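Undergrad: This structure is in structure tokens; I'll ask about it shortly.
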Amino acid sequence: MEKRWAQVEQGDLRLSDLLARELNIDRSLAQILAQRGISNFEEARYFFRPQLTHLHDPFLMKGMETAIDRIKLALEREEKIMVYGDYDVDGTTAVALTYSFFSQFTNNIAYYIPDRHKEGYGISTLGIDYASEHNFSLIIALDCGIRSVDKVDYAKGLGIDFIICDHHLPGNEIPSAIAVLDPKQKDCGYPFKELSGCGIGFKLAQAYCEAMNLPDELYTQYLDLAMVSIAADIVPIVDENRVLAHYGLLKLNENPCRGLKALMEIANKTTHYTITDVVFILAPRINAAGRMGHGNEAVKMLLCEGDIALVQSNLINAQNTDRKSFDQHITLEALALIEENEELIHRKTTVVYQQDWNKGVIGIVASRLTEKYYRPTIVLTESNGFYTGSARSVVGYDLYEALVACSDLLEQFGGHKFAAGLTLKPENLQSFSQKFETVVAATIHPDLLIPEILIDAEIDLAQIDSKFYRILTQMGPFGPSNMNPTFVSHGVSLIGFPQIVGTNHLKLSVKQQNSAIFESIAFGLANFEELLRPNTLFSICYMIEENVWKEKRRLQLNIKGIKIA
């Protein structure tokens, strides 16, 4: 699929020059810092050297003091506490963190993950009934609950209090819980709004330690779990998330919790993890438990010690293998449905349904269809007499608002601008599909239906050396709102001939006048193999990375796009 190349606005060039002088760095790197909101030496020091002291005061979050008081009371009274969370990576890491933390102070605590297939997303009546039957009087809900007004009222009628720790957008009515911790509440003054669900759990643990004058180590030991949730839930890696991600990666690479360590061993990669590695190696395996079996298995693995952790990670890995098989099969079926329907091919949205598709993997399938056709996509299956599904968007388009516009045809929905879940009655499928298409077609800019490569700076290949790369890596951890910079270079020539590797990738060596030769990989760009010849000048946009092979390190280019001059 053809991609648009778009240049990030250069910004104030005088500021770039000032930063380059003050920091003694390449002007192009200074330009990127300026683009990302860095305007002076002190802000650059804060950016390059994140510190745990940069974390915000947890008691700035609305409801935190009340939450801590209620937990202290529960511990004093030896009440039974249930830690309740969603079955995805953010939810299971949040439950593991919060359960493990408070287990240091009580044995009257248990965790509960709803069954994706029987209970669905969020707080369930079954979960509340279980709490009532087993005499739990306090439920701490993580990564869910902000819209569970009726469920919280139901629990209150059974004598069960709720503390909600969520990061999703609230509805018009806030649940009548003892405390609601969600920075996205309109009247919450917390200075950072984009914590993950596990991040809210981390702040709860931090607040408890501060209130009880306990050592920081009692909550900072969970930085690796907080980082995994940040990576998997695709929240912006800025401000507080950047601090948590930075120190979480350090812990993961140096001293991970036993469950994560076992999973790293199963994945055959035990060191040098980046956010990208977490997203593509660890997160799918943790997610597989809730998709193919039960999210409890993921929490159990994260809490395991010793050899049991390795046994549990083997189970999770096997579930991930099954998940791959399911999602590949369903993706092929979904692609066939689209390709055999002329109307679906030419739409600005994709809505597909099949009765027997596995509910646990349709979110992945929605992502794959979005990659293929690059348009807002919804994949649905049948569950408990309803059609339930996952939705994915394209960069720049608010999917959640489109679902709001179609809410009269939905039983329930939730999520954010890039991803959402929804449920509707079978008889509303056709009407919903048409209305969703109408809403999106009327509100999406045509450019948003073409994938975009966002270029941070134009440089010459000769600028790339070890110092340039060292400073570049210090801009990480990379992720949403702080992406790994993409560069463009023009007048590039080929050394030797390109080679197709794998099914659709290109391996090549390139240089510019006066530059070194850079080995490069271009994923998905094998179609350029016949167009590139040693005497052809062309442009490339790329990221710079380090290739490690047999203890030898060298810089290489990860090419995202090629244009023949």
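Chains: A, B, ... in order of the structure tokens. Residues: from 1 per chain. Ligands: from 1, in order shown.
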Residues within 8 Å of A:Leu525, please, as JSON, numbers by chain. Count only C-alpha atoms; anything in the same chain fewer than 3 positions from it doesn't count.
TA: {"A": [504, 505, 506, 522, 528, 529, 561]}
Undergrad: Give me, as a PDB file with N, CA and C atoms, in the first residue's frame, all polymer residues having an atom no more than 8 Å from A:Thr388, counting only C-alpha atoms and skipping those fewer than 5 positions away in the same chain.
TA:
```pdb
ATOM      1  N   LYS A 359     -14.022 -15.236  20.218  1.00  0.00           N
ATOM      2  CA  LYS A 359     -14.142 -13.901  20.796  1.00  0.00           C
ATOM      3  C   LYS A 359     -12.808 -13.353  21.279  1.00  0.00           C
ATOM      4  N   LEU A 380     -16.919  -8.684  14.463  1.00  0.00           N
ATOM      5  CA  LEU A 380     -17.952  -9.117  15.400  1.00  0.00           C
ATOM      6  C   LEU A 380     -18.122 -10.631  15.394  1.00  0.00           C
ATOM      7  N   THR A 381     -18.514 -11.158  16.542  1.00  0.00           N
ATOM      8  CA  THR A 381     -18.884 -12.560  16.654  1.00  0.00           C
ATOM      9  C   THR A 381     -20.090 -12.669  17.587  1.00  0.00           C
ATOM     10  N   GLU A 382     -20.639 -13.857  17.738  1.00  0.00           N
ATOM     11  CA  GLU A 382     -21.808 -14.032  18.592  1.00  0.00           C
ATOM     12  C   GLU A 382     -21.393 -14.457  19.990  1.00  0.00           C
ATOM     13  N   SER A 383     -22.071 -13.889  20.983  1.00  0.00           N
ATOM     14  CA  SER A 383     -21.785 -14.248  22.377  1.00  0.00           C
ATOM     15  C   SER A 383     -23.027 -13.996  23.212  1.00  0.00           C
ATOM     16  N   GLY A 421     -14.505  -1.630  22.316  1.00  0.00           N
ATOM     17  CA  GLY A 421     -15.311  -2.840  22.295  1.00  0.00           C
ATOM     18  C   GLY A 421     -16.773  -2.451  22.227  1.00  0.00           C
ATOM     19  N   LEU A 422     -17.616  -3.319  21.668  1.00  0.00           N
ATOM     20  CA  LEU A 422     -19.022  -2.969  21.514  1.00  0.00           C
ATOM     21  C   LEU A 422     -19.885  -4.223  21.501  1.00  0.00           C
ATOM     22  N   THR A 423     -21.154  -4.039  21.837  1.00  0.00           N
ATOM     23  CA  THR A 423     -22.142  -5.117  21.823  1.00  0.00           C
ATOM     24  C   THR A 423     -23.436  -4.573  21.230  1.00  0.00           C
ATOM     25  N   LEU A 424     -24.080  -5.373  20.369  1.00  0.00           N
ATOM     26  CA  LEU A 424     -25.343  -4.965  19.773  1.00  0.00           C
ATOM     27  C   LEU A 424     -26.250  -6.168  19.575  1.00  0.00           C
TER      28      LEU A 424
END
```
Undergrad: Which one is closest to A:Glu42: A:Glu22, A:Asp115, A:Glu452, A:Glu340? Count only C-alpha atoms.
TA: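 Using only C-alpha atoms, the shortest distance to A:Glu42 belongs to A:Glu22.
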Undergrad: Give me, as an MDAnalysis selection string, all polymer residues having an atom no more than 9 Å from A:Ala402, counting only C-alpha atoms and skipping those fewer than 4 positions away in the same chain.
TA: chainID A and resid 398 406:407 417 436 439:440 443
Undergrad: Write out, as a short mmCIF file (atom, residue, chain, number, x, y, z; two decimals), in the first residue's frame, the residues just selected, with N, CA and C atoms.
TA:
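result_7.cif, written as the output of this step:
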```cif
data_model
loop_
_atom_site.label_atom_id
_atom_site.label_comp_id
_atom_site.auth_asym_id
_atom_site.auth_seq_id
_atom_site.Cartn_x
_atom_site.Cartn_y
_atom_site.Cartn_z
N ASP A 398 -10.99 9.68 15.40
CA ASP A 398 -11.55 9.34 16.71
C ASP A 398 -12.67 8.32 16.54
N CYS A 406 -23.35 6.39 16.84
CA CYS A 406 -24.15 5.20 16.51
C CYS A 406 -24.71 4.52 17.75
N SER A 407 -24.63 5.18 18.89
CA SER A 407 -24.93 4.53 20.16
C SER A 407 -26.39 4.10 20.29
N LYS A 417 -10.15 6.60 21.40
CA LYS A 417 -10.22 7.00 20.00
C LYS A 417 -9.60 5.99 19.04
N PHE A 436 -22.60 3.34 10.73
CA PHE A 436 -21.16 3.51 11.00
C PHE A 436 -20.45 3.99 9.74
N VAL A 439 -21.45 7.69 9.13
CA VAL A 439 -20.81 8.61 10.07
C VAL A 439 -19.33 8.80 9.74
N VAL A 440 -18.63 7.69 9.52
CA VAL A 440 -17.19 7.78 9.23
C VAL A 440 -16.96 8.51 7.90
N THR A 443 -17.13 12.20 8.30
CA THR A 443 -16.27 12.87 9.28
C THR A 443 -14.78 12.61 9.11
#
```
Undergrad: Apply DSSP to the backbone of this structure and, from stretch 153-349 of chain A, keep only the residues in helix (DSSP H, G or I); write these as number ranges by chain.
TA: A: 153-157, 197-211, 217-220, 223-232, 239-254, 258-266, 275-292, 296-303, 306-339, 342-345
Undergrad: Residues within 10 Å of A:Cys304, please, as a list in words. Count only C-alpha atoms; anything in the same chain fewer than 3 positions from it doesn't count.
TA: Cys257, Arg258, Gly259, Leu260, Ala262, Ala298, Val299, Lys300, Met301, Asp307, Ile308, Ala309, Leu310, Val311, Gln312 and Ser313 of chain A
Undergrad: Filtering to N, CA and C atoms, could you give me those residues as a short mmCIF file (atom, residue, chain, number, x, y, z; two decimals), in the first residue's frame?
TA:
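Saved to result30.cif:
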```cif
data_model
loop_
_atom_site.label_atom_id
_atom_site.label_comp_id
_atom_site.auth_asym_id
_atom_site.auth_seq_id
_atom_site.Cartn_x
_atom_site.Cartn_y
_atom_site.Cartn_z
N CYS A 257 10.60 -9.53 37.84
CA CYS A 257 9.89 -10.46 38.70
C CYS A 257 9.98 -11.86 38.09
N ARG A 258 9.84 -12.88 38.92
CA ARG A 258 10.10 -14.24 38.44
C ARG A 258 9.18 -14.65 37.30
N GLY A 259 7.94 -14.21 37.33
CA GLY A 259 7.01 -14.57 36.26
C GLY A 259 7.43 -14.00 34.92
N LEU A 260 7.81 -12.72 34.89
CA LEU A 260 8.28 -12.11 33.64
C LEU A 260 9.60 -12.74 33.19
N ALA A 262 10.59 -15.79 33.65
CA ALA A 262 10.29 -17.09 33.04
C ALA A 262 9.73 -16.93 31.63
N ALA A 298 -2.67 -15.71 33.60
CA ALA A 298 -1.65 -14.67 33.44
C ALA A 298 -1.25 -14.09 34.79
N VAL A 299 -2.25 -13.82 35.64
CA VAL A 299 -1.95 -13.28 36.97
C VAL A 299 -1.15 -14.29 37.78
N LYS A 300 -1.55 -15.55 37.70
CA LYS A 300 -0.85 -16.61 38.42
C LYS A 300 0.62 -16.66 38.00
N MET A 301 0.87 -16.53 36.69
CA MET A 301 2.25 -16.55 36.21
C MET A 301 3.03 -15.36 36.76
N ASP A 307 10.40 -22.56 40.22
CA ASP A 307 10.12 -23.41 39.06
C ASP A 307 8.67 -23.34 38.61
N ILE A 308 7.76 -23.01 39.54
CA ILE A 308 6.35 -22.93 39.18
C ILE A 308 6.13 -21.85 38.13
N ALA A 309 6.91 -20.78 38.21
CA ALA A 309 6.79 -19.69 37.23
C ALA A 309 7.11 -20.19 35.83
N LEU A 310 8.13 -21.07 35.73
CA LEU A 310 8.51 -21.60 34.42
C LEU A 310 7.41 -22.51 33.87
N VAL A 311 6.81 -23.30 34.75
CA VAL A 311 5.71 -24.18 34.33
C VAL A 311 4.54 -23.33 33.84
N GLN A 312 4.22 -22.29 34.59
CA GLN A 312 3.10 -21.44 34.24
C GLN A 312 3.36 -20.68 32.93
N SER A 313 4.60 -20.21 32.73
CA SER A 313 4.94 -19.49 31.50
C SER A 313 4.88 -20.42 30.29
#
```
Undergrad: In stretch 377-492 of chain A, what's strand (DSSP E or B) per DSSP? Answer as an MDAnalysis selection string?
TA: chainID A and resid 377:383 386:392 412:415 419:424 452:455 457:458 479 482 487:492
Undergrad: Calculate how many Å separate atom CA of A:Met61 from atom CA of A:Asp187, rounding to one decimal.
TA: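 Distance reported for this atom pair: 9.9 Å.
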